[in-house]
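**Student:** My structure is stored as model20.csv, with CSV, C-alpha atoms.
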```csv
chain,number,residue,atom,x,y,z
A,887,MET,CA,98.1,91.4,80.0
A,888,ASN,CA,97.2,91.2,83.6
A,889,VAL,CA,98.7,88.1,85.3
A,890,TYR,CA,95.4,87.6,87.0
A,891,ASP,CA,93.2,87.6,83.9
A,892,ASP,CA,92.6,83.8,84.0
A,893,PHE,CA,91.7,84.2,87.7
A,894,PHE,CA,89.1,86.8,87.0
A,895,LYS,CA,87.8,85.0,83.9
A,896,ASN,CA,87.1,81.7,85.7
A,897,ILE,CA,85.1,83.2,88.7
A,898,SER,CA,81.4,83.0,88.3
A,899,PRO,CA,79.3,86.1,89.1
A,900,GLU,CA,78.0,84.4,92.3
A,901,GLU,CA,81.5,83.4,93.4
A,902,TRP,CA,82.6,87.0,92.7
A,903,GLU,CA,80.3,88.3,95.4
A,904,PHE,CA,81.8,85.8,98.0
A,905,PHE,CA,85.3,86.5,96.8
A,906,ALA,CA,84.7,90.2,97.4
A,907,ILE,CA,83.6,89.6,101.0
A,908,ASP,CA,86.6,87.3,101.6
A,909,PHE,CA,88.9,89.9,100.0
A,910,LEU,CA,87.6,92.7,102.2
A,911,ALA,CA,87.7,90.6,105.4
A,912,ASP,CA,91.4,89.7,104.6
A,913,ASN,CA,92.1,93.4,104.4
A,914,GLY,CA,90.7,94.2,107.8
A,915,PHE,CA,86.9,94.7,107.2
A,916,SER,CA,84.5,93.1,109.6
A,917,ILE,CA,81.7,91.1,107.9
A,918,ILE,CA,78.2,92.1,108.9
A,919,ASN,CA,76.2,90.3,106.2
A,920,TYR,CA,77.3,87.8,103.5
A,921,PRO,CA,75.9,87.8,100.0
A,922,SER,CA,72.5,86.1,99.7
A,923,ARG,CA,70.5,84.5,96.9
A,924,GLY,CA,67.4,86.2,95.6
A,925,ILE,CA,66.4,89.8,96.2
A,926,ASP,CA,69.2,91.6,98.1
A,927,GLY,CA,68.0,95.1,98.3
A,928,GLY,CA,70.8,96.5,96.3
A,929,SER,CA,73.6,95.0,98.5
A,930,ASP,CA,75.9,92.1,97.9
A,931,GLY,CA,77.1,92.1,101.4
A,932,ILE,CA,77.7,94.5,104.3
A,933,VAL,CA,81.0,95.2,106.0
A,934,LYS,CA,82.4,97.5,108.6
A,935,TYR,CA,85.7,99.3,109.0
A,936,ASN,CA,86.7,102.1,111.3
A,937,ASN,CA,83.1,102.5,112.5
A,938,ILE,CA,81.9,103.0,109.0
A,939,THR,CA,79.3,100.5,107.7
A,940,TYR,CA,79.5,99.8,103.9
A,941,ILE,CA,77.2,98.1,101.6
A,942,VAL,CA,79.1,96.1,98.9
A,943,SER,CA,78.1,96.2,95.3
A,944,CYS,CA,79.7,93.6,93.1
A,945,LYS,CA,79.8,93.7,89.3
A,946,HIS,CA,81.6,91.0,87.4
A,947,TYR,CA,81.8,91.9,83.7
A,948,PHE,CA,85.3,90.7,83.0
A,949,ASN,CA,84.4,88.3,80.2
A,950,SER,CA,82.4,90.9,78.3
A,951,GLY,CA,84.8,93.7,79.1
A,952,LYS,CA,82.0,96.1,79.9
A,953,SER,CA,82.8,99.0,82.1
A,954,ILE,CA,80.7,99.8,85.1
A,955,GLY,CA,78.4,102.8,84.4
A,956,THR,CA,75.5,104.6,85.9
A,957,ASP,CA,73.1,102.3,83.9
A,958,THR,CA,74.3,99.3,86.0
A,959,GLU,CA,75.2,101.0,89.3
A,960,GLN,CA,72.0,102.9,90.2
A,961,SER,CA,70.4,104.5,93.2
A,962,ILE,CA,73.6,104.3,95.3
A,963,LEU,CA,72.5,106.8,98.0
A,964,ASP,CA,69.1,105.1,98.4
A,965,ARG,CA,70.7,101.7,98.7
A,966,VAL,CA,73.1,102.9,101.4
A,967,TYR,CA,70.4,104.5,103.5
A,968,GLN,CA,68.1,101.5,103.0
A,969,HIS,CA,70.6,99.3,104.8
A,970,ASN,CA,71.3,101.9,107.6
A,971,ALA,CA,74.9,102.2,106.3
A,972,ASN,CA,77.1,105.3,105.7
A,973,GLY,CA,79.5,103.9,103.1
A,974,PHE,CA,79.6,102.3,99.7
A,975,ILE,CA,82.1,99.8,98.2
A,976,GLY,CA,82.1,99.1,94.5
A,977,PHE,CA,83.9,95.8,93.8
A,978,TYR,CA,84.4,95.5,90.0
A,979,SER,CA,86.3,93.1,87.7
A,980,THR,CA,86.5,95.8,85.1
A,981,LEU,CA,86.9,99.6,85.3
A,982,LEU,CA,84.5,102.5,86.0
A,983,SER,CA,83.0,104.6,83.2
A,984,SER,CA,83.6,108.4,83.4
A,985,SER,CA,79.8,108.9,84.1
A,986,LEU,CA,79.9,106.6,87.2
A,987,GLN,CA,83.1,108.3,88.4
A,988,ASN,CA,81.5,111.7,88.1
A,989,ARG,CA,78.4,110.4,90.0
A,990,LEU,CA,80.6,109.0,92.8
A,991,ASN,CA,82.4,112.3,93.0
A,992,GLN,CA,79.1,114.0,93.6
A,993,LEU,CA,78.3,111.7,96.5
A,994,GLU,CA,81.6,111.9,98.4
A,995,ASN,CA,80.3,114.6,100.7
A,996,LYS,CA,77.3,112.5,101.7
A,997,ILE,CA,78.7,109.0,102.1
A,998,ASN,CA,82.1,107.2,102.3
A,999,ILE,CA,83.0,105.6,99.0
A,1000,LEU,CA,85.7,103.0,98.3
A,1001,ILE,CA,86.2,101.5,94.8
A,1002,TYR,CA,88.1,98.3,94.1
A,1003,ASP,CA,88.3,97.9,90.3
A,1004,LYS,CA,90.3,95.3,88.3
A,1005,ASN,CA,93.6,97.1,88.6
A,1006,ILE,CA,93.3,97.9,92.3
A,1007,ILE,CA,92.3,94.4,93.2
A,1008,SER,CA,95.2,93.0,91.2
A,1009,ASP,CA,97.6,95.2,93.2
A,1010,TYR,CA,96.3,93.6,96.4
A,1011,LEU,CA,96.3,90.0,95.3
A,1012,PRO,CA,100.0,89.2,95.8
A,1013,ARG,CA,99.7,90.3,99.4
A,1014,ILE,CA,96.4,88.6,100.5
A,1015,SER,CA,96.1,85.1,102.0
A,1016,SER,CA,96.9,82.4,99.4
A,1017,PHE,CA,94.0,80.4,100.8
A,1018,ILE,CA,91.6,82.9,99.2
A,1019,LEU,CA,93.3,82.7,95.8
A,1020,HIS,CA,93.2,78.9,95.9
A,1021,LYS,CA,89.6,78.9,97.1
A,1022,TYR,CA,88.4,80.8,94.0
A,1023,GLY,CA,90.5,79.0,91.4
A,1024,LEU,CA,94.1,80.3,91.2
A,1025,PRO,CA,95.9,78.7,89.5
A,1026,ASN,CA,93.4,76.8,87.5
A,1027,GLN,CA,92.4,74.5,90.4
A,1028,PHE,CA,96.0,73.3,91.1
A,1029,LYS,CA,96.9,73.4,94.8
A,1030,TYR,CA,100.6,72.9,94.5
A,1031,VAL,CA,103.2,73.8,91.8
A,1032,LEU,CA,106.3,72.1,90.4
A,1033,ASN,CA,109.0,74.6,89.5
A,1034,VAL,CA,111.2,72.0,87.7
A,1035,SER,CA,110.5,69.3,85.1
A,1036,LYS,CA,109.4,65.9,86.4
A,1037,GLU,CA,112.7,64.5,85.1
A,1038,GLU,CA,114.7,67.0,87.2
A,1039,TYR,CA,112.6,66.7,90.4
A,1040,GLU,CA,114.5,65.4,93.5
A,1041,PRO,CA,112.3,64.1,96.3
A,1042,LEU,CA,112.7,65.3,99.9
A,1043,ASN,CA,112.4,62.1,101.8
A,1044,CYS,CA,111.4,61.9,105.4
A,1045,LEU,CA,114.4,61.2,107.6
A,1046,VAL,CA,112.6,58.5,109.4
A,1047,CYS,CA,110.2,56.6,107.0
A,1048,ASN,CA,111.7,57.8,103.7
A,1049,ARG,CA,108.3,59.1,102.3
A,1050,ASP,CA,108.6,62.0,99.9
A,1051,ILE,CA,107.3,64.9,102.0
A,1052,LEU,CA,107.1,67.2,98.9
A,1053,ASP,CA,104.6,64.8,97.2
A,1054,ASP,CA,101.3,66.7,96.9
A,1055,ASN,CA,99.5,64.1,99.1
A,1056,ASN,CA,102.1,64.4,101.9
A,1057,ILE,CA,102.7,68.2,102.1
A,1058,SER,CA,100.0,68.9,104.6
A,1059,PHE,CA,101.3,66.2,106.9
A,1060,SER,CA,105.0,67.2,106.9
A,1061,MET,CA,107.2,69.6,108.8
A,1062,ALA,CA,110.8,70.6,109.7
A,1063,LEU,CA,112.2,71.3,113.1
A,1064,ILE,CA,115.3,72.1,115.1
A,1065,THR,CA,116.1,70.0,118.2
A,1066,ARG,CA,119.1,69.2,120.3
A,1067,ASN,CA,120.9,65.9,120.5
A,1068,ASN,CA,122.5,64.2,123.6
A,1069,ASN,CA,125.6,66.3,123.0
A,1070,ASN,CA,123.6,69.5,123.2
A,1071,GLU,CA,124.1,70.1,119.5
A,1072,LEU,CA,121.5,71.4,117.1
A,1073,GLU,CA,119.9,68.8,114.8
A,1074,TYR,CA,118.0,69.8,111.7
A,1075,LEU,CA,115.2,67.3,111.0
A,1076,TYR,CA,112.5,67.1,108.4
A,1077,GLY,CA,109.8,64.5,107.7
A,1078,CYS,CA,106.3,63.4,108.4
A,1079,LYS,CA,104.6,64.9,111.4
A,1080,LYS,CA,103.9,61.5,112.8
A,1081,CYS,CA,107.6,60.6,112.5
A,1082,ILE,CA,109.3,63.7,114.0
A,1083,GLY,CA,106.4,65.6,115.6
A,1084,ASN,CA,107.1,64.2,119.1
A,1085,TYR,CA,110.7,65.6,119.2
A,1086,PHE,CA,111.2,68.4,121.7
A,1087,ASP,CA,111.9,71.3,119.4
A,1088,ILE,CA,113.3,74.9,119.6
A,1089,GLY,CA,111.7,75.9,116.4
A,1090,TRP,CA,109.5,74.3,113.7
A,1091,CYS,CA,107.7,75.0,110.5
A,1092,GLU,CA,105.0,73.2,108.4
A,1093,ILE,CA,105.8,72.4,104.8
A,1094,ASN,CA,102.5,74.1,103.8
A,1095,GLN,CA,103.7,77.3,105.5
A,1096,VAL,CA,107.2,77.5,104.0
A,1097,LEU,CA,106.0,76.9,100.4
A,1098,HIS,CA,105.4,80.7,100.7
A,1099,LEU,CA,108.6,82.5,100.0
A,1100,GLU,CA,108.2,85.1,102.7
A,1101,GLN,CA,107.7,82.3,105.3
A,1102,LEU,CA,110.6,80.2,103.9
A,1103,ASN,CA,112.9,83.3,104.2
A,1104,GLY,CA,111.7,83.8,107.7
A,1105,TRP,CA,112.5,80.2,108.6
A,1106,ILE,CA,115.9,80.4,107.1
A,1107,TYR,CA,116.7,83.6,109.0
A,1108,TYR,CA,115.5,82.0,112.3
A,1109,VAL,CA,117.7,79.0,111.8
A,1110,ASN,CA,120.7,81.0,110.8
A,1111,ASP,CA,120.3,83.1,113.9
A,1112,LEU,CA,120.3,79.9,116.0
A,1113,ILE,CA,123.5,78.7,114.4
A,1114,LYS,CA,125.4,81.8,115.6
A,1115,ASN,CA,125.4,80.8,119.3
A,1116,ASN,CA,125.0,77.0,119.2
A,1117,LYS,CA,127.1,74.0,118.1
A,1118,VAL,CA,125.6,71.9,115.4
A,1119,SER,CA,125.8,68.2,114.6
A,1120,TYR,CA,127.9,66.9,111.7
A,1121,GLN,CA,124.6,66.2,109.7
A,1122,PHE,CA,123.0,69.6,110.4
A,1123,TYR,CA,124.3,71.5,107.3
A,1124,LYS,CA,123.6,68.6,104.9
A,1125,ASN,CA,120.0,68.4,106.1
A,1126,LYS,CA,119.6,72.1,106.1
A,1127,ASN,CA,120.9,72.4,102.5
A,1128,ASP,CA,118.8,69.5,101.3
A,1129,PHE,CA,115.6,71.0,102.8
A,1130,GLU,CA,116.1,74.5,101.6
A,1131,SER,CA,117.3,73.6,98.1
A,1132,ARG,CA,114.7,70.9,97.3
A,1133,LEU,CA,111.8,72.9,98.8
A,1134,GLN,CA,112.4,75.5,96.1
A,1135,GLN,CA,111.1,73.0,93.6
A,1136,LYS,CA,107.6,73.5,95.1
A,1137,VAL,CA,107.7,77.1,96.4
A,1138,TYR,CA,104.7,79.2,95.2
A,1139,PRO,CA,105.3,82.1,92.8
A,1140,SER,CA,105.2,85.5,94.5
A,1141,ASN,CA,101.9,86.5,92.9
A,1142,TRP,CA,100.0,83.6,94.5
A,1143,GLY,CA,99.5,85.4,97.8
A,1144,ARG,CA,101.0,85.0,101.2
A,1145,TRP,CA,100.7,82.6,104.1
A,1146,LEU,CA,99.9,85.6,106.3
A,1147,PRO,CA,98.5,88.6,104.6
A,1148,LEU,CA,100.0,92.1,105.2
```
I'd like the structure from this file rewritten - as structure tokens, please.

**Tutor:**
Amino acid sequence: MNVYDDFFKNISPEEWEFFAIDFLADNGFSIINYPSRGIDGGSDGIVKYNNITYIVSCKHYFNSGKSIGTDTEQSILDRVYQHNANGFIGFYSTLLSSSLQNRLNQLENKINILIYDKNIISDYLPRISSFILHKYGLPNQFKYVLNVSKEEYEPLNCLVCNRDILDDNNISFSMALITRNNNNELEYLYGCKKCIGNYFDIGWCEINQVLHLEQLNGWIYYVNDLIKNNKVSYQFYKNKNDFESRLQQKVYPSNWGRWLPL
């Protein structure tokens, strides 16, 4: 079973077209035209990459399991030329039939062809922006996760006002930072942006950002590098440990995308 089956299943055919354009933009394509309602002239969007203009053809048959064949993907060359393009992208939630694959092979010396089928798209999803996955329904409309039971959960309270900054309603308004105290020692602070955001910092992160594992690891590496050449306050390591350990309760799974796509 593909871990993204529920994601594919819950996207409507219309959303699939917009997801395709967002997916391609996240992977370096420039958007020329977005999908439109009504007659589209055989194109569900137009994008450009490396001076090649592609029409995008979206087929979303995941729920029926139907493969994409020549009966549904017709007149490819005519559609490409109609839009003054020189490339074709097939964006499919299932797989190609052998007949369509043979047809595409015949066209490769005339136009540029890229195919993103279910398996190829799934390989990309862990590396694209998590914003796109959340936008189109992963995971089942939940914005944040809880990696422990409610009984085991430990709040991460703002060091100033004591509000739990890992509460879903507070995450977007919270941060951590490194500053210096009057003894020129490093202080590790976390809390609401309105409570600690005015401190002069030598490094900071938003909670939304470090819920992504690659960003959390980057923050930890940055802080550990600072420690090597600086004195720290008596409270520094306690705050650092509390932040890093309790944040793990809400860190996104690795297959939910990244803060910054590769």

**Student:** For range 1141-1146 of chain A, please output as a PyMOL selection string all residues within 6 Å (counting all atoms listed in the file; exclusion window: fewer than 3 positions along the same chain).

**Tutor:** chain A and resi 1012-1016

**Student:** Please report the interatomic distance between CA of Asn972 in chain A and CA of Asn936 in chain A in Å with one decimal.

**Tutor:**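 The value is 11.6 Å.
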
**Student:** From the list A:Glu901, A:Glu1073, A:Gln1135, A:Trp1105, which residue is nearest Lys1036 in chain A when using only C-alpha atoms?

**Tutor:**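 Of A:Glu901, A:Glu1073, A:Gln1135, A:Trp1105, the one nearest Lys1036 in chain A is A:Gln1135, counting only C-alpha atoms.
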
**Student:** So which residues touch Leu1112 in chain A within 12 Å, counting only C-alpha atoms, skipping near sequence neighbours fewer than 2 positions away, as a list in words?

**Tutor:**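 Near neighbours after the sequence-gap exclusion: Ile1064, Thr1065, Arg1066, Glu1071, Leu1072, Glu1073, Tyr1074, Ile1088, Gly1089, Trp1105, Ile1106, Tyr1107, Tyr1108, Val1109, Asn1110, Lys1114, Asn1115, Asn1116, Lys1117 and Val1118 of chain A.
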
**Student:** Please produce an output containing C-alpha atoms for each residue in the selection, written as a PDB file, in the frame of the given file.

**Tutor:**
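After the write, part.pdb holds the following:
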```pdb
ATOM      1  CA  ILE A1064     115.300  72.100 115.100  1.00  0.00           C
ATOM      2  CA  THR A1065     116.100  70.000 118.200  1.00  0.00           C
ATOM      3  CA  ARG A1066     119.100  69.200 120.300  1.00  0.00           C
ATOM      4  CA  GLU A1071     124.100  70.100 119.500  1.00  0.00           C
ATOM      5  CA  LEU A1072     121.500  71.400 117.100  1.00  0.00           C
ATOM      6  CA  GLU A1073     119.900  68.800 114.800  1.00  0.00           C
ATOM      7  CA  TYR A1074     118.000  69.800 111.700  1.00  0.00           C
ATOM      8  CA  ILE A1088     113.300  74.900 119.600  1.00  0.00           C
ATOM      9  CA  GLY A1089     111.700  75.900 116.400  1.00  0.00           C
ATOM     10  CA  TRP A1105     112.500  80.200 108.600  1.00  0.00           C
ATOM     11  CA  ILE A1106     115.900  80.400 107.100  1.00  0.00           C
ATOM     12  CA  TYR A1107     116.700  83.600 109.000  1.00  0.00           C
ATOM     13  CA  TYR A1108     115.500  82.000 112.300  1.00  0.00           C
ATOM     14  CA  VAL A1109     117.700  79.000 111.800  1.00  0.00           C
ATOM     15  CA  ASN A1110     120.700  81.000 110.800  1.00  0.00           C
ATOM     16  CA  LYS A1114     125.400  81.800 115.600  1.00  0.00           C
ATOM     17  CA  ASN A1115     125.400  80.800 119.300  1.00  0.00           C
ATOM     18  CA  ASN A1116     125.000  77.000 119.200  1.00  0.00           C
ATOM     19  CA  LYS A1117     127.100  74.000 118.100  1.00  0.00           C
ATOM     20  CA  VAL A1118     125.600  71.900 115.400  1.00  0.00           C
TER      21      VAL A1118
END
```

**Student:** Skipping near chain neighbours, those fewer than 3 positions away, what residues fall within 9 Å of range 904-906 of chain A using all atoms listed in the file, listed as JSON, numbers by chain?

**Tutor:** {"A": [897, 900, 901, 909, 910, 911, 920, 921, 930, 931, 942, 944, 977, 1018, 1019, 1021, 1022]}

**Student:** Quick one: everything within 12 Å of range 1077-1082 of chain A, counting all atoms listed in the file, minus sequence neighbours fewer than 6 positions away in the same chain. Send it as number ranges by chain.

**Tutor:** A: 1041-1053, 1055-1065, 1090-1093, 1125, 1129

**Student:** Which polymer residues have any atom within 7 Å of an atom of Ile954 in chain A, counting only C-alpha atoms, with same-chain residues fewer than 4 positions away left out, as a list in words?

**Tutor:**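 Those residues are Thr958, Leu981, Leu982 and Ser983 of chain A.
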
**Student:** From the list A:Lys895, A:Lys1124, A:His1098, A:Lys1136, which residue is nearest Tyr1076 in chain A when using all atoms listed in the file?

**Tutor:** A:Lys1124

**Student:** Record the distance separating CA of Ile938 in chain A and CA of Asn998 in chain A, expressed in Å with one decimal.

**Tutor:**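 CA of Asn998 in chain A lies 7.9 Å from CA of Ile938 in chain A.
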
**Student:** Which residue is closest to Asp892 in chain A? Choose from A:Ser979, A:Ile918, A:Tyr1120, A:Asp912 and count all atoms listed in the file.

**Tutor:**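 Among A:Ser979, A:Ile918, A:Tyr1120, A:Asp912, it is A:Ser979 that comes nearest to Asp892 in chain A.
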
**Student:** Counting only C-alpha atoms, which residue out of A:Ile999, A:Leu1099, A:Val889, A:Ile975 sits closest to Glu903 in chain A?

**Tutor:**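 Distance minimum relative to Glu903 in chain A lands on A:Ile975.
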
**Student:** Would you please work out which residue, of A:Ser1119, A:Tyr1085, A:Gly914, A:Lys1029, is nearest to Tyr1138 in chain A when using all atoms listed in the file?

**Tutor:**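 Ranking A:Ser1119, A:Tyr1085, A:Gly914, A:Lys1029 by distance to Tyr1138 in chain A, first place goes to A:Lys1029.
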
**Student:** For a quick check of understanding, using all atoms listed in the file, which of A:Ser961, A:Ser898, A:Asn913, A:Thr956 has the smallest distance to Asn988 in chain A?

**Tutor:** A:Thr956

**Student:** Calculate how many Å separate CA of Val1096 in chain A from CA of Pro1139 in chain A, rounding to one decimal.

**Tutor:**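 Separation of CA of Val1096 in chain A and CA of Pro1139 in chain A: 12.3 Å.
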